[in-house]
Structures are given as C-alpha cells and as structure tokens.
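Chemist: Sharing a structure here in structure tokens format.
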2 protein chains.
Amino acid sequence: MATITVKKGEIIQRSGALNSKVYFVNSGLLRGYTIDEKGKEHIFIFAPENWTIADAQAPEFPCDLFIDALEDSTITVFQKDITQEGKNVEALIKRMSVLQKRIIMLMSYSAMERFEHFIETYPNILKRVPQKMIASYLGITPEALSTIKKRKGKK
Amino acid sequence: MATITVKKGEIIQRSGALNSKVYFVNSGLLRGYTIDEKGKEHIFIFAPENWTIADAQAPEFPCDLFIDALEDSTITVFQKDITQEGKNVEALIKRMSVLQKRIIMLMSYSAMERFEHFIETYPNILKRVPQKMIASYLGITPEALSTIKKRKGKK
DNA sequence: ATTTTCCATTAATGTAGATTAAGAACGCAC
DNA sequence: GTGCGTTCTTAATCTACATTAATGGAAAAT
C-alpha cells in the first residue's frame, strides 16, 4: 500500500499487465478503458475522488483495462491480495452488482436514457471531462451525444 | 445446501426477492434474465450442466434477476453466506471478469460478432434453446438473428 | 385429428445512431 | 498577438437493427 501522485495524462496501468492493483482516488479523476482491435477506446468507468477503480481480473491473469489520469490526482495503491480481498467480500459483491446493472443498462436502455443515468451516477464530473469521453462511456459517438443533448434541452 | 429437481418452465427466483441463492446445475438448463419496464425480457446468462448461476446482489438486497428452468433440471442450492463466500473469492473474481468481458462485448462488437462469441461460450446449447432466447441474450430481435444466420451461412 | 398457440422465417418500411465532412470555438505554443 | 491542434456542433448521407406484418411449420391442448 502506497500513496502516490500522478499527472494528468499519465497511464497507471496497461491492458495485458500482470499483478494489477486496486486504486483508491483521494483527489483528482481517473478513468478505466479498453482499446478494441480497431483501435477504438471504450470507457468502462470513471473514478473521481473517493472512488475505487480496479480491473476485474485476478492478479495472476493479464488485466483487460487501461487506467489513466484525466486530472492531476493523488491515489492510494493496494495490492490485490486474494486472502485480503476475502476480508472485503462486500466490496467485491458491490462491484459485481454495479457491473450487472451496467449490462442491463446496455441491453435495455436508449442512448438518451443511458445519458440521464450517467448524470445521476456521476453528478459532478459532467463538466470535468470532454464530451467525447462521455460519449465513449455511453457507447455512442460524440456527434450522437451532441444531438441527444440538443433534444434534451428543447423539451 | 440442498439438491432439488425443477420442471421446465418453473421459476426458481424472482426479481426483487431477498436472500437470493447460488444455484449449481447438475443436469438440465437454467437461465437468468431481467424484465424491463416495457415488459421485455433480457437474458443475462444461460446455465447448462456444471455451471453456477446467481444474482450479483448481496443476499440482504433485493435481487435483479429472474431465474427459471428451460429444461427439467437437477440443481444444488447454496446459501449466499458472506463469510462462506469469502472462502471462494476466486470464483467471485472469475464471475466479475465474465461480467466485465460481457460489457466490453456489448460496447465494441456487432450483433454478428456477439453471435459468434455466443457459440464459443455455449457450444452445446445452440439447438437446445429457442432462437428468440438466443436473440434476447445477444440484445437483438429474433428477426435480426434470423437474417444474421442467413448471412453467415452464405459466406 | 383438429384446433390453438407458439415459433421461425422473410420482406417492407422505419429509425437510432454511425460516418463523413465542414465550420466555429476553444485552448496552447511560440 | 498569430498559428495550430483539439474539441464541439451541425448537417447530409448511410447502415445496422427494430418494427410491422404475413406465411408456414411445429408443439401443445382439446
């Protein structure tokens, strides 16, 4: 366990890395994302202050997610110790339930509904991240997000 | 822990239920699904023999998933005991990683790519479940699945 | 066996969102 | 300041998939 500071733009974890860690954000903003075979980024999660971010893989398997800093941040890094994680099963289950709900969202809701849900989930980061990243989190293009916002404003 | 038999069509767990369990399938076939506010089913997971199926929620929270039997089945039911689950953290993490990959799939892949992935994941249940359920698992309509299969056959 | 219900396929049309392209507004470097 | 890159917006066109509807077949009910 160690507390470190990272600069905006710094990559903290790369997809494919072994022994992936758990990161607690004291201040600043991180994001976790994948890059598909066409080179396109897909943002999986944002982690503002007091959020925890981690890949779902066990430490002995290569991880799926890139993690980088969207703002200068102070973060605390924890080892993924299986025996330790056992002590925090509730946190694990909570993360699973978040993932399950995200799948349900992707399967059942339109882009506009997902945008409204994003605003509820991350009320204070809407102005802190570029639109294109929000679009990526929602699974749509920046252009589509632009038109959605316009439609929302009108009604 | 108890082993029970269920008939095809029987609902084993309802969305909203408390104290949700973990089900291990000895024989037969279960599925987990949600129903959205428009009444539409979204299949989350299939569980053929030797698979485990469970809602991601902690037992003290209402669960999200319906679970029912697509074939006559024999299943072993386990309590979700937090202290016990701690002993099986690896299984939990494995389930998380499956969920994470499912999200990546939904965000990055076309319906046809998802269909191909479905066949790899569940090689032996393609003929055991109705097309409409496969379509629901993929997040598309049965009609769309029909045309995808035709296109696939042609090349 | 016959009726009923459910299911798969096909085709016509509709729509959400992707793609492409262009221009406007904002940085940031020099 | 002037350039230059990056981001956001708007609009035109395109495409994957949804919706609707019709048909035929299989399963279940009587």
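Residue numbering restarts at 1 in every chain; chains get A, B, ... in the order shown in the structure tokens, and ligands count up from 1 in that same order.
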Compile the residues of chain A that lie within 9 Å of chain C, evaluated using only C-alpha atoms (C1' of nucleotides), and express the compilation as a PyMOL selection string.
Modeler: chain A and resi 110-111+140-141+144
Chemist: Could you write out as a PyMOL selection string the residues of chain A within 10 Å of chain D, counting only C-alpha atoms (C1' of nucleotides)?
Modeler: chain A and resi 130-132+142-143+146-147+150
Chemist: Print the selection's residues with C-alpha atoms to a file, as a compact mmCIF listing (two decimals), in the first residue's frame.
Modeler:
# COMPACT_ATOMS: atom_id res chain seq x y z
CA PRO A 130 -14.52 16.13 -22.58
CA GLN A 131 -17.80 15.25 -24.30
CA LYS A 132 -16.09 12.64 -26.41
CA PRO A 142 -19.57 12.44 -29.79
CA GLU A 143 -21.81 13.59 -32.65
CA SER A 146 -24.33 16.32 -29.24
CA THR A 147 -27.72 15.77 -30.87
CA LYS A 150 -29.84 19.32 -28.04
Chemist: Specify as a VMD selection string all residues of chain B found within 8 Å of chain A, counting only C-alpha atoms.
Modeler: chain B and resid 34 36 42 44 56 to 58 82 85 to 87 89 to 90 92 to 94 96 to 97 99 to 100 102 to 104 106 to 108 139
Chemist: Kindly save the residues from that selection, with N, CA and C atoms included, as a compact mmCIF listing (two decimals), in the first residue's frame.
Modeler:
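Result file result04.txt:
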# COMPACT_ATOMS: atom_id res chain seq x y z
N THR B 34 -33.73 -10.44 -16.87
CA THR B 34 -34.45 -9.32 -16.27
C THR B 34 -35.66 -9.01 -17.14
N ASP B 36 -37.69 -5.57 -18.32
CA ASP B 36 -37.61 -4.10 -18.22
C ASP B 36 -39.01 -3.50 -18.05
N HIS B 42 -34.75 -9.67 -20.97
CA HIS B 42 -33.36 -9.59 -21.43
C HIS B 42 -32.59 -10.72 -20.77
N PHE B 44 -29.65 -12.75 -19.46
CA PHE B 44 -28.38 -12.34 -18.92
C PHE B 44 -27.37 -13.45 -19.03
N ALA B 56 -25.96 -11.02 -8.73
CA ALA B 56 -24.75 -10.39 -8.22
C ALA B 56 -25.00 -9.69 -6.88
N GLN B 57 -26.25 -9.51 -6.49
CA GLN B 57 -26.53 -8.78 -5.26
C GLN B 57 -26.15 -9.57 -4.01
N ALA B 58 -25.79 -8.83 -2.98
CA ALA B 58 -25.64 -9.44 -1.66
C ALA B 58 -27.03 -9.91 -1.19
N ILE B 82 -22.02 -14.66 3.37
CA ILE B 82 -20.89 -13.76 3.14
C ILE B 82 -19.59 -14.37 3.64
N GLU B 85 -18.68 -17.10 1.32
CA GLU B 85 -18.25 -16.61 0.00
C GLU B 85 -16.80 -16.16 0.06
N GLY B 86 -16.40 -15.68 1.22
CA GLY B 86 -15.02 -15.25 1.39
C GLY B 86 -14.04 -16.37 1.07
N LYS B 87 -14.49 -17.59 1.34
CA LYS B 87 -13.61 -18.72 1.07
C LYS B 87 -13.47 -18.99 -0.42
N VAL B 89 -13.29 -16.61 -3.00
CA VAL B 89 -13.09 -15.31 -3.65
C VAL B 89 -12.70 -15.50 -5.11
N GLU B 90 -11.97 -16.55 -5.38
CA GLU B 90 -11.55 -16.75 -6.77
C GLU B 90 -12.74 -16.93 -7.70
N LEU B 92 -15.67 -15.71 -7.22
CA LEU B 92 -16.29 -14.38 -7.33
C LEU B 92 -15.57 -13.54 -8.37
N ILE B 93 -14.26 -13.55 -8.31
CA ILE B 93 -13.47 -12.73 -9.22
C ILE B 93 -13.65 -13.23 -10.66
N LYS B 94 -13.74 -14.54 -10.80
CA LYS B 94 -13.96 -15.09 -12.13
C LYS B 94 -15.30 -14.62 -12.70
N MET B 96 -16.79 -11.87 -11.91
CA MET B 96 -16.63 -10.45 -12.24
C MET B 96 -15.98 -10.28 -13.60
N SER B 97 -14.97 -11.09 -13.85
CA SER B 97 -14.26 -10.93 -15.11
C SER B 97 -15.17 -11.31 -16.29
N LEU B 99 -18.40 -10.80 -16.31
CA LEU B 99 -19.29 -9.64 -16.47
C LEU B 99 -18.58 -8.51 -17.20
N GLN B 100 -17.32 -8.27 -16.81
CA GLN B 100 -16.56 -7.19 -17.46
C GLN B 100 -16.41 -7.45 -18.94
N ARG B 102 -18.39 -9.19 -20.79
CA ARG B 102 -19.70 -9.03 -21.43
C ARG B 102 -19.96 -7.57 -21.75
N ILE B 103 -19.59 -6.68 -20.84
CA ILE B 103 -19.78 -5.24 -21.08
C ILE B 103 -18.93 -4.79 -22.27
N ILE B 104 -17.67 -5.25 -22.29
CA ILE B 104 -16.80 -4.89 -23.41
C ILE B 104 -17.41 -5.37 -24.73
N LEU B 106 -20.61 -5.88 -25.42
CA LEU B 106 -21.79 -5.09 -25.78
C LEU B 106 -21.39 -3.73 -26.33
N MET B 107 -20.25 -3.20 -25.82
CA MET B 107 -19.84 -1.87 -26.28
C MET B 107 -19.08 -1.91 -27.60
N SER B 108 -18.38 -3.00 -27.88
CA SER B 108 -17.47 -2.99 -29.02
C SER B 108 -17.88 -3.84 -30.21
N GLY B 139 -29.12 -9.36 -27.36
CA GLY B 139 -29.61 -7.99 -27.35
C GLY B 139 -30.21 -7.55 -28.68
Chemist: Do you have the CA of Val22 in chain A-CA of Thr52 in chain A distance handy?
Modeler: 7.1 Å
Chemist: Tell me, in Å to one decimal, how far CA of Leu70 in chain A is from CA of Ser27 in chain A.
Modeler: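 CA of Ser27 in chain A lies at a distance of 11.3 Å from CA of Leu70 in chain A.
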Chemist: Identify, with DSSP run on backbone atoms, the residues in range 59-154 of chain B assigned to strand (DSSP E), and express the list as a PyMOL selection string.
Modeler: chain B and resi 66-69+73-78
Chemist: Step one, run DSSP on the backbone; step two, keep only residues of range 8-139 of chain B assigned to helix (DSSP H, G or I); then write them as a PyMOL selection string.
Modeler: chain B and resi 82-108+111-121+131-138
Chemist: Interatomic distance between CA of Gly28 in chain B and CA of Lys149 in chain B?
Modeler: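 Interatomic distance here is 26.0 Å.
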Chemist: Using only C-alpha atoms, can you tell me which of B:Arg128, B:Asp72, B:Ala54, B:Val6 comes closest to Tyr23 in chain B?
Modeler: B:Ala54
Chemist: Kindly indicate which residue among A:Thr76, A:Pro123, A:Phe118, A:Met112 lies nearest to Lys152 in chain A, using only C-alpha atoms for the distances.
Modeler: A:Met112
